[in-house]
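J.: Starting off with a structure, shown below.
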Amino acid sequence: TKHLVLIGGGHSHAIALRLFALNPMPELRITLISDVSYAPYSGMLPGYVAGFYNFEECHIDLRHLAQFAQAELHIDQAIGLDLVNDRVICANRPPIPFDILSIDIGSTPAQESVPGVAEYAIPAKPVPQFLNQWHQLIENCANHPEKSINLGIVGGGAGGVELALTMASRLDKIIGLKLNINLIHRGTAIMPGYNQWVRQRLYKILINRGIKVHLGERVSEILPNKIKCESGLTVPSNYTFWVTQASGANWIRESGLSTDQNGFILVRDTLQSISHSHIFAAGDIATMVNHPRPKAGVFAVRQGKPLFENLRRRILLSKSLQHYIPQKRYLSLIGTGDGDARSATQQRKAIASWGPFGWQSPLLWQWKDRIDRKFMAQFRNLPEMGRWGDWEMGR
């Protein structure tokens, strides 16, 4: 019997677990380690922030999925690896030995060395912690609509722009609330990596929504009620959200795995670590040496099936591993936060970006909504076939 340990309940692991359930291997024991019971789906999170989806619609129930895959589930946090003895070091339980390991824990915004970030900023990732802060913010605004609220968002990539639009959409519904949003970006244009039409279109939407955009500004300090920049610019901020360049968890590099300069695990085309062939990685935490791509959910979803196939082949030891080459050009659908949580989806809009092309339409939102709901549907209504029943390990 081989022991496969999965760290993290990201998109790639969720797909792989479902495929293991549909293609059981009697000689395999699977353990999933996750610090949350419900894994967020990145494609629907902006809609959740805007109030278009409820919690269940955009989160994967890992307990149910683990039961379906006949896997043990430990609700715990991995904090290190013992690569001499092949064990996962956890925060609240004894080390877990493995024969084969796969890591899919996503990324976190790089905090760099800006004073006050650790104390006062709210990172966009990990998502569960961000959502806890977001829920508290909404509650505070709803209970005190007479107060003026200043939000600061640091980072003008796709994540920061979409977050600004969806937050504005949600908070604008609170009658009487005086809302002021500042988006700060160190580059001279928002959303680097996207074509000019998409950048200009979203910039106009931000301005039309009353969101102040500050370009070419480097943050020098975060204080409890303001953001200071190197240029001397100071903007008020009761809540500062940090949505900058992504990085890997510190314990990954400290474990001895080969990583890039941002702490992401370097993997071959087979999704194996270049330094440890019995360890795999997928999603944002992985960087493909031969085919580097942006940290986007679309690649994590596409890696799910190749990851499953190569884990299976590695377990069997009778087949060579397959090479996975991600597409160079991919479609990005960005919600603009239009519409009301109770309105018809036709009133909501999205922008499509594909290479040099861009387009905005309510039809794109409907298309995006169908794609996201179809993805989540595969993890719902799973048969109760797990050998562990309702026993959740590691509580």
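Simple scheme: letters A, B, ... for chains in structure tokens order, numbers from 1 for residues in each chain, numbers from 1 for ligands in the order shown.
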Using only C-alpha atoms, find each residue of range 221-333 of chain A with at least one atom at most 12 Å away from an atom of range 81-96 of chain A; report its shortest atom-to-atom pair and that distance in Å (one decimal), sort the rows by chain and rising residue number, and return the result as a tab-separated table.
T.:
residue	atom	partner	partner_atom	distance
A:Asn250	CA	A:Leu81	CA	11.6
A:Trp251	CA	A:Leu81	CA	7.9
A:Ile252	CA	A:Leu81	CA	7.9
A:Arg253	CA	A:Leu81	CA	9.9
A:Glu254	CA	A:Leu81	CA	8.5
A:Ser255	CA	A:Leu81	CA	5.3
A:Gly256	CA	A:Leu83	CA	7.6
A:Leu257	CA	A:Leu83	CA	8.7
A:Ser275	CA	A:Leu83	CA	11.0
A:His276	CA	A:Leu83	CA	8.9
A:Ser277	CA	A:Leu83	CA	11.8
A:His278	CA	A:Asp86	CA	9.7
A:Ile279	CA	A:Asp86	CA	9.8
J.: So that I can check the surroundings of Lys212 in chain A, please list as a list in words every protein, DNA and RNA residue that reaches within 8 Å of it, counting only C-alpha atoms and ignoring chain neighbours fewer than 3 positions away.
T.: Ile181, Asn182, Leu183, Leu206 and Ile207 of chain A
J.: Deliver the residues from the most recent selection as a file, using C-alpha atoms, as a compact mmCIF listing (two decimals), in the first residue's frame.
T.:
# COMPACT_ATOMS: atom_id res chain seq x y z
CA ILE A 181 -11.93 53.96 -2.26
CA ASN A 182 -8.30 54.55 -3.27
CA LEU A 183 -6.46 52.11 -5.54
CA LEU A 206 -12.95 52.61 -11.98
CA ILE A 207 -13.08 56.38 -12.45
J.: What lies within 9 Å of Leu22 in chain A using only C-alpha atoms, ignoring chain neighbours under 5 positions off, as a list in words?
T.: Leu17, Phe68 and Ala69 of chain A
J.: Determine which residues of range 25-272 of chain A receive a DSSP assignment of strand (DSSP E or B), computed from the backbone, and state them as a PyMOL selection string.
T.: chain A and resi 28-34+38-40+59-61+72-75+78-82+87-90+96-97+100-103+108-109+121-123+148-154+178-185+212-215+219-223+226-229+234-236+239-242+246-247+259+265-267+272
J.: Closest to Phe52 in chain A among A:Val127, A:Leu311, A:Leu223, A:Met167, using only C-alpha atoms?
T.: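 Ranking A:Val127, A:Leu311, A:Leu223, A:Met167 by distance to Phe52 in chain A, first place goes to A:Met167.
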J.: Smallest atom-to-atom distance to Gln200 in chain A: which of A:Gly358, A:Gly160, A:Gly152, A:Gly106, using only C-alpha atoms?
T.: A:Gly358
J.: So which one's closest to Arg170 in chain A, A:Gln196, A:Asn208, A:Thr336, A:Thr1? Using only C-alpha atoms, please.
T.: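 Of A:Gln196, A:Asn208, A:Thr336, A:Thr1, the one nearest Arg170 in chain A is A:Thr336, counting only C-alpha atoms.
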J.: Taking only residues of range 71-174 of chain A that have an atom at most 12 Å from an atom of range 37-44 of chain A, what is each one's shortest atom pair and its distance in Å to one decimal, using only C-alpha atoms, in chain and number order, as a tab-separated table?
T.:
residue	atom	partner	partner_atom	distance
A:Leu73	CA	A:Ser37	CA	9.1
A:His74	CA	A:Ser37	CA	9.3
A:Ile75	CA	A:Ser37	CA	6.9
A:Asp76	CA	A:Ser37	CA	9.7
A:Gln77	CA	A:Ser37	CA	11.6
A:Asp104	CA	A:Ala39	CA	11.5
A:Ile105	CA	A:Ala39	CA	10.4
A:Gly106	CA	A:Ser42	CA	10.5
A:Ala124	CA	A:Ser42	CA	11.5
A:Lys125	CA	A:Ser42	CA	10.8
A:Pro126	CA	A:Pro40	CA	9.9
A:Val127	CA	A:Pro40	CA	7.2
A:Pro128	CA	A:Pro40	CA	7.8
A:Gln129	CA	A:Pro40	CA	11.4
A:Phe130	CA	A:Pro40	CA	11.3
A:Leu131	CA	A:Pro40	CA	10.0
A:Gly159	CA	A:Ser42	CA	10.4
A:Glu162	CA	A:Gly43	CA	11.5
A:Leu163	CA	A:Met44	CA	12.0
A:Thr166	CA	A:Met44	CA	11.5
J.: How close does range 68-148 of chain A get to range 237-243 of chain A? List, as CSV, each residue of range 68-148 of chain A within 6 Å, its nearest atom pair and the distance in Å to one decimal, counting only C-alpha atoms.
T.:
residue,atom,partner,partner_atom,distance
A:Pro109,CA,A:Val243,CA,5.9
A:Ala121,CA,A:Thr240,CA,5.0
A:Ile122,CA,A:Phe241,CA,4.7
A:Pro123,CA,A:Trp242,CA,4.6
A:Ala124,CA,A:Val243,CA,5.6
J.: What is the distance, in Å and to one decimal place, between CA of Glu309 in chain A and CA of Thr270 in chain A?
T.: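 Separation between CA of Glu309 in chain A and CA of Thr270 in chain A: 9.7 Å.
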J.: Report the distance between CA of Ser169 in chain A and CA of Val49 in chain A in Å, rounded to one decimal place.
T.: 8.8 Å
J.: Interatomic distance between CA of Arg218 in chain A and CA of Glu230 in chain A?
T.: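 Taking CA of Arg218 in chain A as the start and CA of Glu230 in chain A as the end point, the length is 5.7 Å.
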J.: With distances taken over only C-alpha atoms, which of A:Arg314, A:Arg373, A:Leu171, A:Val114 is nearest to Leu137 in chain A?
T.: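 Ranking A:Arg314, A:Arg373, A:Leu171, A:Val114 by distance to Leu137 in chain A, first place goes to A:Leu171.
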J.: Find the residues around Leu65 in chain A up to 8 Å (only C-alpha atoms counted), leave out those fewer than 4 positions away in its own chain, and share them as a PyMOL selection string.
T.: chain A and resi 14+17-18+60-61+69+379+382
J.: Could you save those same residues with N, CA, C and O atoms as a short mmCIF file (atom, residue, chain, number, x, y, z; two decimals), in the first residue's frame?
T.:
data_model
loop_
_atom_site.label_atom_id
_atom_site.label_comp_id
_atom_site.auth_asym_id
_atom_site.auth_seq_id
_atom_site.Cartn_x
_atom_site.Cartn_y
_atom_site.Cartn_z
N ALA A 14 -8.65 19.29 -5.69
CA ALA A 14 -10.07 18.95 -5.68
C ALA A 14 -10.42 18.09 -6.89
O ALA A 14 -11.13 17.08 -6.78
N LEU A 17 -8.77 14.56 -6.47
CA LEU A 17 -9.50 13.74 -5.50
C LEU A 17 -10.77 13.16 -6.13
O LEU A 17 -11.09 11.98 -5.92
N ARG A 18 -11.48 13.98 -6.87
CA ARG A 18 -12.70 13.48 -7.52
C ARG A 18 -12.37 12.37 -8.52
O ARG A 18 -13.07 11.36 -8.60
N ILE A 60 -15.92 24.65 -2.03
CA ILE A 60 -15.94 23.19 -2.16
C ILE A 60 -15.90 22.57 -0.77
O ILE A 60 -15.01 22.89 0.04
N ASP A 61 -16.85 21.69 -0.47
CA ASP A 61 -16.91 21.01 0.81
C ASP A 61 -15.87 19.89 0.82
O ASP A 61 -16.09 18.81 0.26
N ALA A 69 -13.81 10.32 -1.95
CA ALA A 69 -12.56 9.75 -2.45
C ALA A 69 -11.97 8.71 -1.51
O ALA A 69 -10.88 8.20 -1.77
N PHE A 379 -18.66 18.94 -7.77
CA PHE A 379 -18.31 18.64 -6.38
C PHE A 379 -19.53 18.61 -5.46
O PHE A 379 -19.38 18.50 -4.25
N LEU A 382 -22.32 14.49 -4.20
CA LEU A 382 -21.47 13.31 -4.33
C LEU A 382 -22.03 12.19 -3.47
O LEU A 382 -22.53 12.43 -2.38
#
J.: Within 6 Å of range 219-222 of chain A, counting only C-alpha atoms, which residues show up once you throw out same-chain ones fewer than 4 positions away? Write them as a list in words, please.
T.: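 Non-adjacent residues within range: Val114, Pro115, Gly116, Val117, Ile227, Lys228, Cys229 and Glu230 of chain A.
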J.: Only all heavy atoms, please: the residues just picked out, written as a PDB file, in the first residue's frame.
T.:
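Saved to result38.pdb:
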ATOM      1  N   VAL A 114       7.674  46.681   3.682  1.00  0.00           N
ATOM      2  CA  VAL A 114       6.975  47.939   3.940  1.00  0.00           C
ATOM      3  C   VAL A 114       6.519  47.972   5.399  1.00  0.00           C
ATOM      4  O   VAL A 114       5.785  47.079   5.849  1.00  0.00           O
ATOM      5  CB  VAL A 114       5.764  48.090   3.001  1.00  0.00           C
ATOM      6  CG1 VAL A 114       5.000  49.376   3.308  1.00  0.00           C
ATOM      7  CG2 VAL A 114       6.217  48.074   1.548  1.00  0.00           C
ATOM      8  N   PRO A 115       6.911  48.973   6.159  1.00  0.00           N
ATOM      9  CA  PRO A 115       6.494  49.050   7.567  1.00  0.00           C
ATOM     10  C   PRO A 115       4.967  49.136   7.689  1.00  0.00           C
ATOM     11  O   PRO A 115       4.308  49.839   6.935  1.00  0.00           O
ATOM     12  CB  PRO A 115       7.149  50.356   8.052  1.00  0.00           C
ATOM     13  CG  PRO A 115       8.286  50.596   7.117  1.00  0.00           C
ATOM     14  CD  PRO A 115       7.827  50.062   5.789  1.00  0.00           C
ATOM     15  N   GLY A 116       4.434  48.397   8.648  1.00  0.00           N
ATOM     16  CA  GLY A 116       3.014  48.455   8.942  1.00  0.00           C
ATOM     17  C   GLY A 116       2.150  47.480   8.179  1.00  0.00           C
ATOM     18  O   GLY A 116       0.974  47.300   8.524  1.00  0.00           O
ATOM     19  N   VAL A 117       2.710  46.797   7.179  1.00  0.00           N
ATOM     20  CA  VAL A 117       1.895  45.870   6.394  1.00  0.00           C
ATOM     21  C   VAL A 117       1.413  44.713   7.262  1.00  0.00           C
ATOM     22  O   VAL A 117       0.228  44.363   7.271  1.00  0.00           O
ATOM     23  CB  VAL A 117       2.674  45.342   5.173  1.00  0.00           C
ATOM     24  CG1 VAL A 117       1.907  44.201   4.502  1.00  0.00           C
ATOM     25  CG2 VAL A 117       2.905  46.451   4.170  1.00  0.00           C
ATOM     26  N   ILE A 227      -2.448  55.522   4.337  1.00  0.00           N
ATOM     27  CA  ILE A 227      -1.390  54.891   3.547  1.00  0.00           C
ATOM     28  C   ILE A 227      -0.449  55.993   3.087  1.00  0.00           C
ATOM     29  O   ILE A 227      -0.883  57.000   2.513  1.00  0.00           O
ATOM     30  CB  ILE A 227      -1.965  54.155   2.321  1.00  0.00           C
ATOM     31  CG1 ILE A 227      -2.971  53.078   2.741  1.00  0.00           C
ATOM     32  CG2 ILE A 227      -0.848  53.532   1.490  1.00  0.00           C
ATOM     33  CD1 ILE A 227      -3.717  52.463   1.572  1.00  0.00           C
ATOM     34  N   LYS A 228       0.842  55.799   3.339  1.00  0.00           N
ATOM     35  CA  LYS A 228       1.826  56.791   2.926  1.00  0.00           C
ATOM     36  C   LYS A 228       2.662  56.231   1.776  1.00  0.00           C
ATOM     37  O   LYS A 228       3.024  55.050   1.766  1.00  0.00           O
ATOM     38  CB  LYS A 228       2.733  57.148   4.109  1.00  0.00           C
ATOM     39  CG  LYS A 228       1.974  57.754   5.293  1.00  0.00           C
ATOM     40  CD  LYS A 228       2.884  58.036   6.475  1.00  0.00           C
ATOM     41  CE  LYS A 228       3.839  59.175   6.172  1.00  0.00           C
ATOM     42  NZ  LYS A 228       4.638  59.545   7.386  1.00  0.00           N
ATOM     43  N   CYS A 229       2.951  57.103   0.784  1.00  0.00           N
ATOM     44  CA  CYS A 229       3.727  56.705  -0.386  1.00  0.00           C
ATOM     45  C   CYS A 229       5.049  57.461  -0.424  1.00  0.00           C
ATOM     46  O   CYS A 229       5.210  58.512   0.203  1.00  0.00           O
ATOM     47  CB  CYS A 229       2.935  56.968  -1.668  1.00  0.00           C
ATOM     48  SG  CYS A 229       1.388  56.047  -1.772  1.00  0.00           S
ATOM     49  N   GLU A 230       6.007  56.914  -1.195  1.00  0.00           N
ATOM     50  CA  GLU A 230       7.334  57.512  -1.263  1.00  0.00           C
ATOM     51  C   GLU A 230       7.304  58.918  -1.840  1.00  0.00           C
ATOM     52  O   GLU A 230       8.152  59.752  -1.526  1.00  0.00           O
ATOM     53  CB  GLU A 230       8.256  56.621  -2.096  1.00  0.00           C
ATOM     54  CG  GLU A 230       8.563  55.278  -1.446  1.00  0.00           C
ATOM     55  CD  GLU A 230       9.460  54.413  -2.312  1.00  0.00           C
ATOM     56  OE1 GLU A 230       9.788  54.863  -3.445  1.00  0.00           O
ATOM     57  OE2 GLU A 230       9.827  53.301  -1.880  1.00  0.00           O
TER      58      GLU A 230
END
